[in-house]
Amino acid sequence: MGCTYSVHAVGSREKKKNIPEVSIFVPSMRVPGQCDVQRTLRRLIPTDLADRISSLRNQIVLVAEDTGGSAIPELQRALEEYLPLLVGLTAKDHGLQELVEFKWRSLQDGRQEACVANSWFEVLSVLHMMAIYLTFLESNLTLLMETLADRKFLASVLPESMRDAVDLLLKAAGYLEFCVREVLLHIPPDIKNRLPKDLQENVLETSFIQALGQGTEMQLSLAVGSQNATLSVKRRLACEQLSYFGQAHYCLSGYNNNNGHGKKHLLFIKWKYLEAKAAAYYFHGLILDKGTEPASHVSAVCCFLAADELLAESKKACLSFCLAVPVTRAPPLQGAMKHLNRKIPETASRKSQMYGSLIDQDKGLQILPDLPEFQQSLKPDDYELPEIDSAWDSKKWEMPGLILKEHLNDSEEEMIPE
């Protein structure tokens, strides 16, 4: 498996080891394998249509293999041009849904993961590639490029980069939510049960919820850096972020995560969940501390101490994530977490000393208050499959012999013994 990352070389001159730096977790790259679309579709559809489908698919294979998915614009164009043609293979009227055997494999080890004769499987794989390895990848690079190239000069990621990352994450969430809501419904249960792990329903759902959670994380960072954002806004965003990562953890926790990228993905979600919970309690404590009653101050101290403990746990979770195979590294603290790593310990220490006498007077007041619940405001971008390519209009086909459906029916009749 792999993660979206930038690479640092460490170690001696004789032997250097590249340790990826991860801001947004991404599973291993899956790319289409070679399959003979032209021969399979020969005489069933016009030759030029079969050639276009085959050519675009081969182009996707070559770009992904040569660049590891890093040529984002070129790969995006090829995938978006391929989809309208692929939609034609899913149309029941054409009778081609289960004719072409599509192959996909892991780019990292070359191992073939799936070989499925179903055009909806191909749609699922293409949309997954567009979500994970284009929008997730680009959003990660958007966050990391400045901290790498200009690490000595920039104190934090620029707000414009964070906003761009949010837009990309919402786009990714839209692709993945469409896969769960629409595409999986067209795939027969027997095929669905043997899909690669990255394409299983709970993993797809986890990934699109993760995208919303990290988008909210970026929004919180923007709010923390803004003088106009109120404490209520910051608390709401932290609580929403907590809610997203709680849902993502629930989706993935019932999955077989004993090894590989599944285990690392779960560790990433746990790390982000603990960070969000620490932030939520910190901002909740600041609001409670504005009260005039002694109980409000004691409750605020309980929130600050809980935030401090959760922050320490999140650092341990981050380390566990980084050490899980494959070994990765976290980027330097940026945005909200850079602010919170400084403010939470400082505030917890200062406020617990300030209100220590109140706490000692009545131990019964030392109850951690519940966090408020808010409706999640960040939603995936709307996505629908593109219109079928005009080349699939069979009325315009000029082919010798029979039209597609008659050809298929005649072929079936010829197989019936007399």
# chains A, B, ... in the order shown; residues from 1 in each chain; ligands from 1

call {"tool": "residues_around", "arguments": {"residues": "Gly225 of chain A", "least_positions_apart": "2", "cutoff": "8 Å", "atoms": "only C-alpha atoms", "output": "list in words"}}
result
Ser221, Leu222, Ala223, Gln227, Gly335 and Ala336 of chain A

call {"tool": "write_last_selection", "arguments": {"atoms": "N, CA, C and O atoms", "output": "mmCIF file, in the first residue's frame"}}
result
data_model
loop_
_atom_site.group_PDB
_atom_site.id
_atom_site.type_symbol
_atom_site.label_atom_id
_atom_site.label_comp_id
_atom_site.auth_asym_id
_atom_site.auth_seq_id
_atom_site.Cartn_x
_atom_site.Cartn_y
_atom_site.Cartn_z
ATOM 1 N N SER A 221 -8.875 25.334 10.873
ATOM 2 C CA SER A 221 -7.597 26.037 10.802
ATOM 3 C C SER A 221 -7.786 27.454 10.277
ATOM 4 O O SER A 221 -7.160 28.399 10.766
ATOM 5 N N LEU A 222 -8.661 27.601 9.290
ATOM 6 C CA LEU A 222 -8.950 28.934 8.759
ATOM 7 C C LEU A 222 -9.621 29.799 9.815
ATOM 8 O O LEU A 222 -9.330 31.000 9.936
ATOM 9 N N ALA A 223 -10.530 29.204 10.602
ATOM 10 C CA ALA A 223 -11.224 29.955 11.649
ATOM 11 C C ALA A 223 -10.259 30.383 12.750
ATOM 12 O O ALA A 223 -10.335 31.509 13.262
ATOM 13 N N GLN A 227 -9.464 36.616 12.693
ATOM 14 C CA GLN A 227 -9.855 37.448 13.828
ATOM 15 C C GLN A 227 -11.374 37.586 13.933
ATOM 16 O O GLN A 227 -11.889 37.983 14.987
ATOM 17 N N GLY A 335 -1.660 25.120 11.039
ATOM 18 C CA GLY A 335 -3.057 25.493 11.250
ATOM 19 C C GLY A 335 -3.512 25.366 12.687
ATOM 20 O O GLY A 335 -2.832 25.765 13.639
ATOM 21 N N ALA A 336 -4.703 24.757 12.864
ATOM 22 C CA ALA A 336 -5.315 24.674 14.181
ATOM 23 C C ALA A 336 -4.465 23.885 15.164
ATOM 24 O O ALA A 336 -4.339 24.267 16.327
#

call {"tool": "closest_atom_pairs", "arguments": {"of": "segment 302-323 of chain A", "to": "segment 272-286 of chain A", "cutoff": "6 Å", "atoms": "only C-alpha atoms", "output": "Markdown table"}}
result
| residue | atom | partner | partner_atom | distance |
| --- | --- | --- | --- | --- |
| A:Cys303 | CA | A:Gly285 | CA | 5.1 |
| A:Phe304 | CA | A:Tyr282 | CA | 5.5 |
| A:Ala307 | CA | A:Ala278 | CA | 4.2 |
| A:Leu310 | CA | A:Ala278 | CA | 5.2 |
| A:Leu311 | CA | A:Ala278 | CA | 5.6 |
| A:Ser314 | CA | A:Leu274 | CA | 5.1 |

call {"tool": "write_last_selection", "arguments": {"atoms": "C-alpha atoms", "output": "CSV table (one decimal), in the first residue's frame"}}
result
chain,number,residue,atom,x,y,z
A,303,CYS,CA,-12.5,20.4,29.7
A,304,PHE,CA,-9.0,21.9,29.6
A,307,ALA,CA,-8.2,18.3,26.1
A,310,LEU,CA,-6.5,13.8,24.6
A,311,LEU,CA,-3.7,15.9,23.0
A,314,SER,CA,-3.3,12.0,19.9

call {"tool": "closest_residue", "arguments": {"among": "A:Leu378, A:Ile191, A:Cys302, A:Leu170", "to": "Val116 of chain A", "atoms": "only C-alpha atoms"}}
result
A:Ile191

call {"tool": "select_by_dssp", "arguments": {"residues": "segment 21-112 of chain A", "states": "helix (DSSP H, G or I)", "output": "ChimeraX atom specification"}}
result
/A:37-41,47-67,72-90,92-94

call {"tool": "atom_distance", "arguments": {"atom1": "atom CA of Tyr355 of chain A", "atom2": "atom CA of His297 of chain A"}}
result
7.1 Å

call {"tool": "closest_residue", "arguments": {"among": "A:Lys234, A:Gly262, A:Glu373, A:Leu75", "to": "Ile287 of chain A", "atoms": "only C-alpha atoms"}}
result
A:Lys234

call {"tool": "residues_around", "arguments": {"residues": "Tyr175 of chain A", "least_positions_apart": "6", "cutoff": "7 Å", "atoms": "only C-alpha atoms", "output": "PyMOL selection string"}}
result
chain A and resi 127+131+383

call {"tool": "write_last_selection", "arguments": {"atoms": "N, CA, C and O atoms", "output": "PDB file, in the first residue's frame"}}
result
ATOM      1  N   LEU A 127     -13.953   5.740 -10.933  1.00  0.00           N
ATOM      2  CA  LEU A 127     -14.353   6.801 -10.007  1.00  0.00           C
ATOM      3  C   LEU A 127     -13.508   6.775  -8.738  1.00  0.00           C
ATOM      4  O   LEU A 127     -13.158   7.826  -8.184  1.00  0.00           O
ATOM      5  N   ALA A 131     -11.187   9.813  -7.380  1.00  0.00           N
ATOM      6  CA  ALA A 131     -11.332  10.375  -6.041  1.00  0.00           C
ATOM      7  C   ALA A 131     -10.043  10.295  -5.242  1.00  0.00           C
ATOM      8  O   ALA A 131      -9.536  11.299  -4.739  1.00  0.00           O
ATOM      9  N   TYR A 383     -22.453  14.680  -7.643  1.00  0.00           N
ATOM     10  CA  TYR A 383     -21.808  14.080  -8.811  1.00  0.00           C
ATOM     11  C   TYR A 383     -22.784  13.136  -9.504  1.00  0.00           C
ATOM     12  O   TYR A 383     -23.524  12.397  -8.851  1.00  0.00           O
TER      13      TYR A 383
END

call {"tool": "closest_residue", "arguments": {"among": "A:Leu41, A:Cys239, A:Leu288, A:Val298", "to": "Leu358 of chain A", "atoms": "only C-alpha atoms"}}
result
A:Val298

call {"tool": "residues_around", "arguments": {"residues": "Leu385 of chain A", "least_positions_apart": "5", "cutoff": "8 Å", "atoms": "only C-alpha atoms", "output": "number ranges by chain"}}
result
A: 83-84, 87

call {"tool": "closest_residue", "arguments": {"among": "A:Arg105, A:Arg236, A:Arg350, A:Lys197", "to": "Leu252 of chain A", "atoms": "only C-alpha atoms"}}
result
A:Lys197

call {"tool": "atom_distance", "arguments": {"atom1": "atom CA of Ser106 of chain A", "atom2": "atom CA of Phe136 of chain A"}}
result
17.6 Å

call {"tool": "atom_distance", "arguments": {"atom1": "atom CA of Val157 of chain A", "atom2": "atom CA of His339 of chain A"}}
result
12.9 Å

call {"tool": "residues_around", "arguments": {"residues": "Glu384 of chain A", "least_positions_apart": "2", "cutoff": "8 Å", "atoms": "only C-alpha atoms", "output": "PyMOL selection string"}}
result
chain A and resi 178+382+386

call {"tool": "write_last_selection", "arguments": {"atoms": "all heavy atoms", "output": "PDB file, in the first residue's frame"}}
result
ATOM      1  N   PHE A 178     -21.104   8.857  -4.477  1.00  0.00           N
ATOM      2  CA  PHE A 178     -21.834   8.348  -5.642  1.00  0.00           C
ATOM      3  C   PHE A 178     -21.561   6.858  -5.820  1.00  0.00           C
ATOM      4  O   PHE A 178     -22.466   6.099  -6.180  1.00  0.00           O
ATOM      5  CB  PHE A 178     -21.424   9.124  -6.888  1.00  0.00           C
ATOM      6  CG  PHE A 178     -22.150   8.700  -8.134  1.00  0.00           C
ATOM      7  CD1 PHE A 178     -23.429   9.160  -8.395  1.00  0.00           C
ATOM      8  CD2 PHE A 178     -21.555   7.826  -9.037  1.00  0.00           C
ATOM      9  CE1 PHE A 178     -24.110   8.760  -9.546  1.00  0.00           C
ATOM     10  CE2 PHE A 178     -22.223   7.418 -10.185  1.00  0.00           C
ATOM     11  CZ  PHE A 178     -23.514   7.889 -10.436  1.00  0.00           C
ATOM     12  N   ASP A 382     -22.110  17.357  -5.366  1.00  0.00           N
ATOM     13  CA  ASP A 382     -23.001  16.514  -6.166  1.00  0.00           C
ATOM     14  C   ASP A 382     -22.234  15.958  -7.361  1.00  0.00           C
ATOM     15  O   ASP A 382     -21.465  16.674  -8.011  1.00  0.00           O
ATOM     16  CB  ASP A 382     -24.198  17.318  -6.659  1.00  0.00           C
ATOM     17  CG  ASP A 382     -25.136  17.709  -5.526  1.00  0.00           C
ATOM     18  OD1 ASP A 382     -25.178  16.988  -4.519  1.00  0.00           O
ATOM     19  OD2 ASP A 382     -25.819  18.753  -5.649  1.00  0.00           O
ATOM     20  N   PRO A 386     -21.347  11.208 -16.474  1.00  0.00           N
ATOM     21  CA  PRO A 386     -21.556  12.018 -17.677  1.00  0.00           C
ATOM     22  C   PRO A 386     -22.524  11.340 -18.642  1.00  0.00           C
ATOM     23  O   PRO A 386     -22.786  10.130 -18.542  1.00  0.00           O
ATOM     24  CB  PRO A 386     -20.143  12.107 -18.273  1.00  0.00           C
ATOM     25  CG  PRO A 386     -19.434  10.895 -17.776  1.00  0.00           C
ATOM     26  CD  PRO A 386     -19.974  10.660 -16.393  1.00  0.00           C
TER      27      PRO A 386
END
